[in-house]
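Novice: Have a look at this one.
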Protein chains: 4
Amino acid sequence: MIKVTIWNENEHEKMNPQTKEVYPDGIHNALKKGIANDDYEIRTATLDQPEHGLSEEILNDTDVLLWWGHVAHDKVSDEVVNRVHQRVMDGMGLIVLHSGHFSKIFKKLMGTGCDLKWREANEKERIWVVNPAHPIAAGLPEHFVVAPEEMYGEHFDIPAPDELILVSWFEGGEVFRSGCTFYRGQGKIFYFRPGHETYPTYYDPNVLRTISNAVSWAAPSGAARPIRGHHEALEPIGG
Amino acid sequence: MIKVTIWNENEHEKMNPQTKEVYPDGIHNALKKGIANDDYEIRTATLDQPEHGLSEEILNDTDVLLWWGHVAHDKVSDEVVNRVHQRVMDGMGLIVLHSGHFSKIFKKLMGTGCDLKWREANEKERIWVVNPAHPIAAGLPEHFVVAPEEMYGEHFDIPAPDELILVSWFEGGEVFRSGCTFYRGQGKIFYFRPGHETYPTYYDPNVLRTISNAVSWAAPSGAARPIRGHHEALEPIGG
Amino acid sequence: MIKVTIWNENEHEKMNPQTKEVYPDGIHNALKKGIANDDYEIRTATLDQPEHGLSEEILNDTDVLLWWGHVAHDKVSDEVVNRVHQRVMDGMGLIVLHSGHFSKIFKKLMGTGCDLKWREANEKERIWVVNPAHPIAAGLPEHFVVAPEEMYGEHFDIPAPDELILVSWFEGGEVFRSGCTFYRGQGKIFYFRPGHETYPTYYDPNVLRTISNAVSWAAPSGAARPIRGHHEALEPIGG
Amino acid sequence: MIKVTIWNENEHEKMNPQTKEVYPDGIHNALKKGIANDDYEIRTATLDQPEHGLSEEILNDTDVLLWWGHVAHDKVSDEVVNRVHQRVMDGMGLIVLHSGHFSKIFKKLMGTGCDLKWREANEKERIWVVNPAHPIAAGLPEHFVVAPEEMYGEHFDIPAPDELILVSWFEGGEVFRSGCTFYRGQGKIFYFRPGHETYPTYYDPNVLRTISNAVSWAAPSGAARPIRGHHEALEPIGG
């Protein structure tokens with residue numbers, strides 16, 4: 001059983017009629033339904049809850065955290081960001097979706113600017129699998145279309161991913177590294193590009209399959225927690 | 001259920017009294033017992049069987065193949081090597097053990113010389129986890145000793161592994177990249193260093209745990225098989 | 001001074017009127033002129049020369065080898081392929097161009113099938129820099145167009161590159177990892193996609209700049225040659 | 001000509017008699033002499049200077065910055081750290097030495113804890129080259145000893161390096177990834193382990209050669225600066 005917490009800032013859903021129409025129960029609940037699975041125990045959390053719904057208790061009870069944010073990155077408290085960061089170091093998986101590329105937690109984990117090109121032009125995105133050996137590609141076709149979507153274009157200012165799994169083609173002429181894994185501390189991170197708030201992307205079966213695969217992949221591995229600091233010699237020195 | 005085939009050249013077991021004593025039923029059977037698990041259906045295969053026990057039928061029914069060889073690399077037919085290679089390209093996992101670094105199949109897959117330094121001096125090896133987020137490190141302590149063991153030292157002439165998980169320290173002064181993953185085609189490969197034929201290495205619980213973790217990790221992922229060759233345009237050209 | 005040898009099978013130039021028209025002196029000579037530079041001492045070699053122009057003497061006097069081949073991959077002798085392979089292991093740089101993806105030497109070095117999707121449809125390719133920190137991207141714009149070009153599409157059956165520098169967008173809807181580095185043995189390899197034999201690609205300043213950057217990057221590094229085989233202990237054992 | 005700035009907190013030199021004895025002019029000046037070279041224009045900077053000697057003007061005039069710090073990481077102002085970070089994003093090379101693993105700038109760039117095991121026991125470190133194709137290994141032997149040195153042991157809490165070049169063996173039984181490259185933004189980073197303040201490590205020719213190689217490698221590459229933000233379509237949409 002993998003314990004999943006889906007975090008959504010849930011702001012567009014309040015302000016933007018298009019988002020309300022597409023995601024009447026919020027992106028978080030669309031995702032919850034979309035990846036529901038006997039192996040997952042799923043809860044949701046949103047910005048306006050106490051501690052943004054990410055108390056120490058809840059995070060300690062979370063194996064994999066999903067993150068969707070956009071207009072309210074600044075409203076996420078540094079304390080919660082540091083808590084999530086520590087949990088990733090300790091083994092919690094983190095799946096960062098779409099505009100989450102600019103979230104405090106993703107920027108802190110990447111150490112880079114995380115900026116990119118973008119355009120909202122109702123265009124076609126075609127996502128290609130470039131690592132068909134990876135479990136995150138399980139059950140995916142060689143390529144699939146998500147349309148309409150917002151464009152994100154290179155150069156995406158991230159460290160080279162540990163594994164590059166998906167690359168997007170955009171109608172308007174750009175490419176993008178859309179499915180990227182990062183091992184950090186004892187945790188595993190997956191960045192997944194699609195998911196603009198006014199499009200029904202999170203009902204798309206290939207998109208949901210990718211996210212679900214990522215949840216299974218990102219669950220804690222269970223290696224021993226590394227010990228830091230002063231360390232007695234294991235072998236005689238100066239013998 | 002993961003279908004596992006353990007291949008062993010099974011030559012030292014016939015010639016070398018020390019090997020006979022340590023592995024009376026052969027390295028393959030020690031491994032079979034050691035990683036036995038309700039999720040694995042395990043068979044063994046050896047060099048002296050027809051087609052080395054690796055007929056097309058058996059390979060097509062294998063999810064993950066383990067490979068132990070040493071003195072008889074040359075006796076493995078190129079036909080079988082090519083068949084195993086094709087299966088890896090098509091998604092079969094491959095776990096190459098110890099002296100298998102010089103097998104035809106590993107050299108073919110790596111594209112490099114795969115040579116290294118070695119020494120048989122009954123010395124101590126200490127294996128360190130350098131990627132504690134990886135599933136192959138599940139349940140392992142931060143470091144564990146395998147002793148006595150043969151020494152393998154750098155430079156190990158392989159491509160940089162896609163994921164470096166284990167690094168060995170040797171009493172005699174060398175280091176070695178001992179646990180390495182490689183994604184190739186649709187297949188996943190794990191190279192794991194320990195396992196000299198005269199030492200009881202394959203009864204060590206940490207060694208067996210590593211191999212068992214690798215079997216689970218290396219099982220086929222199930223992405224769509226890529227299509228090659230001429231490809232019709234998906235979008236209008238010259239519009 | 002970097003000693004460069006440009007190898008071209010030089011077959012299309014004899015048979016194909018379009019190639020003759022675009023490259024009247026052969027692709028090798030177009031490249032020679034295109035990357036000429038005070039720091040490079042450049043010679044060419046072709047398939048029909050004795051030992052394909054790649055004698056031991058010439059290879060030993062080569063720092064970086066460029067390789068263009070297509071219709072005559074099979075005519076390259078295994079002896080020459082093995083010789084080039086050994087030189088790469090010993091530190092010679094290798095730049096594989098376009099249809100060289102299917103050359104014996106590239107397949108041997110990669111260990112995978114190296115197949116891909118392709119289409120000749122006079123379409124537009126746009127090449128994006130995804131690693132702007134890399135010396136191979138020096139002086140390149142963020143993206144540049146090569147048109148018309150042949151399409152190559154994913155999944156490109158190579159190991160994940162050690163460094164992914166360029167990704168192509170194609171008018172017909174595909175993407176491709178177009179600029180890839182691989183460290184192998186003491187050698188450095190760069191695969192660069194564009195260069196169909198009927199298009200004037202090798203006169204394009206961005207294409208030439210990329211190839212020239214790659215030559216400088218791929219020159220031998222000059223670390224000590226690793227020693228293999230039996231190795232005496234550097235430290236006392238069993239003390 | 002590469003413009004190099006060597007930054008040293010220069011605190012041990014004031015307080016610690018052993019450091020004063022080993023580095024009477026400070027670690028920064030020992031490094032300056034040690035890597036002096038017609039291709040480098042070298043200046044130094046220290047913590048107690050205005051803006052720690054790292055004003056915008058000086059950083060803008062720096063191609064590669066070396067960083068040695070230990071007891072005074074906290075005294076480095078966030079403003080200067082952010083300025084250095086921005087310069088790395090814009091292409092400046094950064095070489096982080098020894099205890100700099102815990103500096104604000106390294107932790108910010110890595111996004112991880114950067115902690116490790118350590119021990120001061122006057123022990124022997126042997127550094128092995130594991131990527132003999134890399135320019136940072138130029139002129140290095142296969143392995144070299146630095147002794148006495150402080151021990152740093154795994155797990156080193158960094159992202160997997162983009163290129164792992166050096167691995168250390170320690171007398172007391174540990175291993176460490178001692179020479180690591182990271183591409184971040186347009187900048188290149190090299191972490192190099194040895195250099196405890198009471199040992200004459202920065203007079204060792206192999207250590208100096210490694211640092212000098214890293215300076216040449218880390219110099220800005222000169223690709224076009226990526227453009228971020230809203231991007232007009234390059235191709236017609238919805239055609």
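In the structure tokens, the first chain shown is A, the next is B, and so on; residue numbers restart at 1 for each chain, and ligands run from 1 in the order shown.
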Residues of chain D within 7 Å of chain B, counting only C-alpha atoms, what are they? List them as a ChimeraX atom specification.
Specialist: /D:129-130,154-155,169,173-175
Novice: Considering only alpha helix (DSSP H) as DSSP defines it on the backbone, what residues of region 39-71 of chain D qualify? List them as a list in words.
Specialist: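 Result set for region 39-71 of chain D (alpha helix (DSSP H)): Glu56, Glu57, Ile58, Leu59 and Asn60 of chain D.
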Novice: Could the residues in this selection be saved with all heavy atoms as a PDB file, in the first residue's frame?
Specialist:
```pdb
ATOM      1  N   GLU D  56      29.927  42.741  -7.388  1.00  0.00           N
ATOM      2  CA  GLU D  56      29.371  42.447  -8.705  1.00  0.00           C
ATOM      3  C   GLU D  56      30.432  42.658  -9.792  1.00  0.00           C
ATOM      4  O   GLU D  56      30.551  41.855 -10.725  1.00  0.00           O
ATOM      5  CB  GLU D  56      28.160  43.358  -8.968  1.00  0.00           C
ATOM      6  CG  GLU D  56      27.167  42.744  -9.920  1.00  0.00           C
ATOM      7  CD  GLU D  56      25.725  43.080  -9.516  1.00  0.00           C
ATOM      8  OE1 GLU D  56      25.417  43.088  -8.291  1.00  0.00           O
ATOM      9  OE2 GLU D  56      24.933  43.339 -10.416  1.00  0.00           O
ATOM     10  N   GLU D  57      31.199  43.714  -9.622  1.00  0.00           N
ATOM     11  CA  GLU D  57      32.231  44.021 -10.621  1.00  0.00           C
ATOM     12  C   GLU D  57      33.245  42.883 -10.733  1.00  0.00           C
ATOM     13  O   GLU D  57      33.610  42.455 -11.838  1.00  0.00           O
ATOM     14  CB  GLU D  57      32.935  45.317 -10.192  1.00  0.00           C
ATOM     15  CG  GLU D  57      33.674  46.001 -11.313  1.00  0.00           C
ATOM     16  CD  GLU D  57      34.487  47.189 -10.788  1.00  0.00           C
ATOM     17  OE1 GLU D  57      34.221  47.642  -9.634  1.00  0.00           O
ATOM     18  OE2 GLU D  57      35.397  47.636 -11.504  1.00  0.00           O
ATOM     19  N   ILE D  58      33.699  42.414  -9.589  1.00  0.00           N
ATOM     20  CA  ILE D  58      34.710  41.349  -9.608  1.00  0.00           C
ATOM     21  C   ILE D  58      34.120  40.044 -10.148  1.00  0.00           C
ATOM     22  O   ILE D  58      34.724  39.372 -10.988  1.00  0.00           O
ATOM     23  CB  ILE D  58      35.327  41.162  -8.201  1.00  0.00           C
ATOM     24  CG1 ILE D  58      36.299  42.331  -7.941  1.00  0.00           C
ATOM     25  CG2 ILE D  58      36.054  39.821  -8.089  1.00  0.00           C
ATOM     26  CD1 ILE D  58      36.881  42.354  -6.544  1.00  0.00           C
ATOM     27  N   LEU D  59      32.938  39.710  -9.704  1.00  0.00           N
ATOM     28  CA  LEU D  59      32.331  38.466 -10.202  1.00  0.00           C
ATOM     29  C   LEU D  59      32.071  38.535 -11.707  1.00  0.00           C
ATOM     30  O   LEU D  59      32.264  37.545 -12.418  1.00  0.00           O
ATOM     31  CB  LEU D  59      31.030  38.155  -9.449  1.00  0.00           C
ATOM     32  CG  LEU D  59      31.223  37.545  -8.062  1.00  0.00           C
ATOM     33  CD1 LEU D  59      29.872  37.350  -7.377  1.00  0.00           C
ATOM     34  CD2 LEU D  59      31.958  36.205  -8.124  1.00  0.00           C
ATOM     35  N   ASN D  60      31.642  39.703 -12.164  1.00  0.00           N
ATOM     36  CA  ASN D  60      31.401  39.835 -13.604  1.00  0.00           C
ATOM     37  C   ASN D  60      32.689  39.724 -14.405  1.00  0.00           C
ATOM     38  O   ASN D  60      32.661  39.449 -15.598  1.00  0.00           O
ATOM     39  CB  ASN D  60      30.704  41.163 -13.919  1.00  0.00           C
ATOM     40  CG  ASN D  60      29.241  41.132 -13.500  1.00  0.00           C
ATOM     41  OD1 ASN D  60      28.676  40.055 -13.289  1.00  0.00           O
ATOM     42  ND2 ASN D  60      28.640  42.307 -13.368  1.00  0.00           N
TER      43      ASN D  60
END
```
Novice: When DSSP is applied to the backbone of this structure, which of region 115-187 of chain D are assigned strand (DSSP E)? Write them out as JSON, numbers by chain.
Specialist: {"D": [117, 118, 119, 120, 121, 122, 123, 124, 125, 126, 127, 128, 129, 143, 144, 145, 146, 147, 148, 149, 150, 151, 152, 153, 163, 164, 165, 166, 167, 168, 169, 170, 175, 176, 177, 178, 179, 180, 181, 182, 183, 184, 187]}
Novice: Out of D:Gly187, D:Gly53, D:Gly229, D:Gly34, which residue has the shortest atom-to-atom distance to Gln86 (chain D) when counting only C-alpha atoms?
Specialist: D:Gly187
Novice: For Gly179 (chain A), please output as an NGL selection string all residues within 6 Å (counting only C-alpha atoms; exclusion window: fewer than 5 positions along the same chain).
Specialist: :A and (165-166 or 191-192)
Novice: Name the residues in contact with region 210-227 of chain B at a cut-off of 8 Å, using only C-alpha atoms, excluding same-chain residues fewer than 3 positions from it; report them as a VMD selection string.
Specialist: (chain A and resid 132 to 142) or (chain B and resid 2 4 35 63 to 64 90 to 95 135 to 138 140 186 to 190 192 206 to 207) or (chain C and resid 116 to 117 155)
Novice: Can you measure CA of Asn37 (chain D) to CA of Thr62 (chain D) for me? One decimal in Å is fine.
Specialist: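 Between CA of Asn37 (chain D) and CA of Thr62 (chain D) the gap works out to 16.0 Å.
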Novice: Need to verify the contact set: Thr46 (chain A), 6 Å, only C-alpha atoms, exclusion of same-chain residues closer than 6 positions in sequence. Can you return it as a list in words?
Specialist: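 In the requested form, the answer reads Trp7, Asn8, Glu9, His52 and Gly53 of chain A.
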Novice: Report, in Å with one decimal, the straight-line distance from CA of Val146 (chain A) to CA of His230 (chain D).
Specialist: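 Going from CA of Val146 (chain A) over to CA of His230 (chain D) covers 20.3 Å.
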Novice: For Leu234 (chain A), which residue out of D:Cys180, D:Tyr199, D:Gly111, D:Met151 is the nearest one, using only C-alpha atoms?
Specialist: D:Met151
Novice: Just the residues within 10 Å of Ala121 (chain C), please, counting only C-alpha atoms, with nothing from its chain fewer than 3 positions along; format it as a ChimeraX atom specification.
Specialist: /B:232-233,237-238 /C:118,124,148-151,171-172
Novice: So what do you get for CA of Pro200 (chain C) versus CA of Leu97 (chain C), distance-wise?
Specialist: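 Those two atoms sit 14.2 Å apart.
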Novice: Select, from B:Gly69, B:Ile42, B:Lys33, B:Pro24, the residue with the minimum atom-to-atom distance to Met1 (chain B), counting only C-alpha atoms.
Specialist: B:Ile42
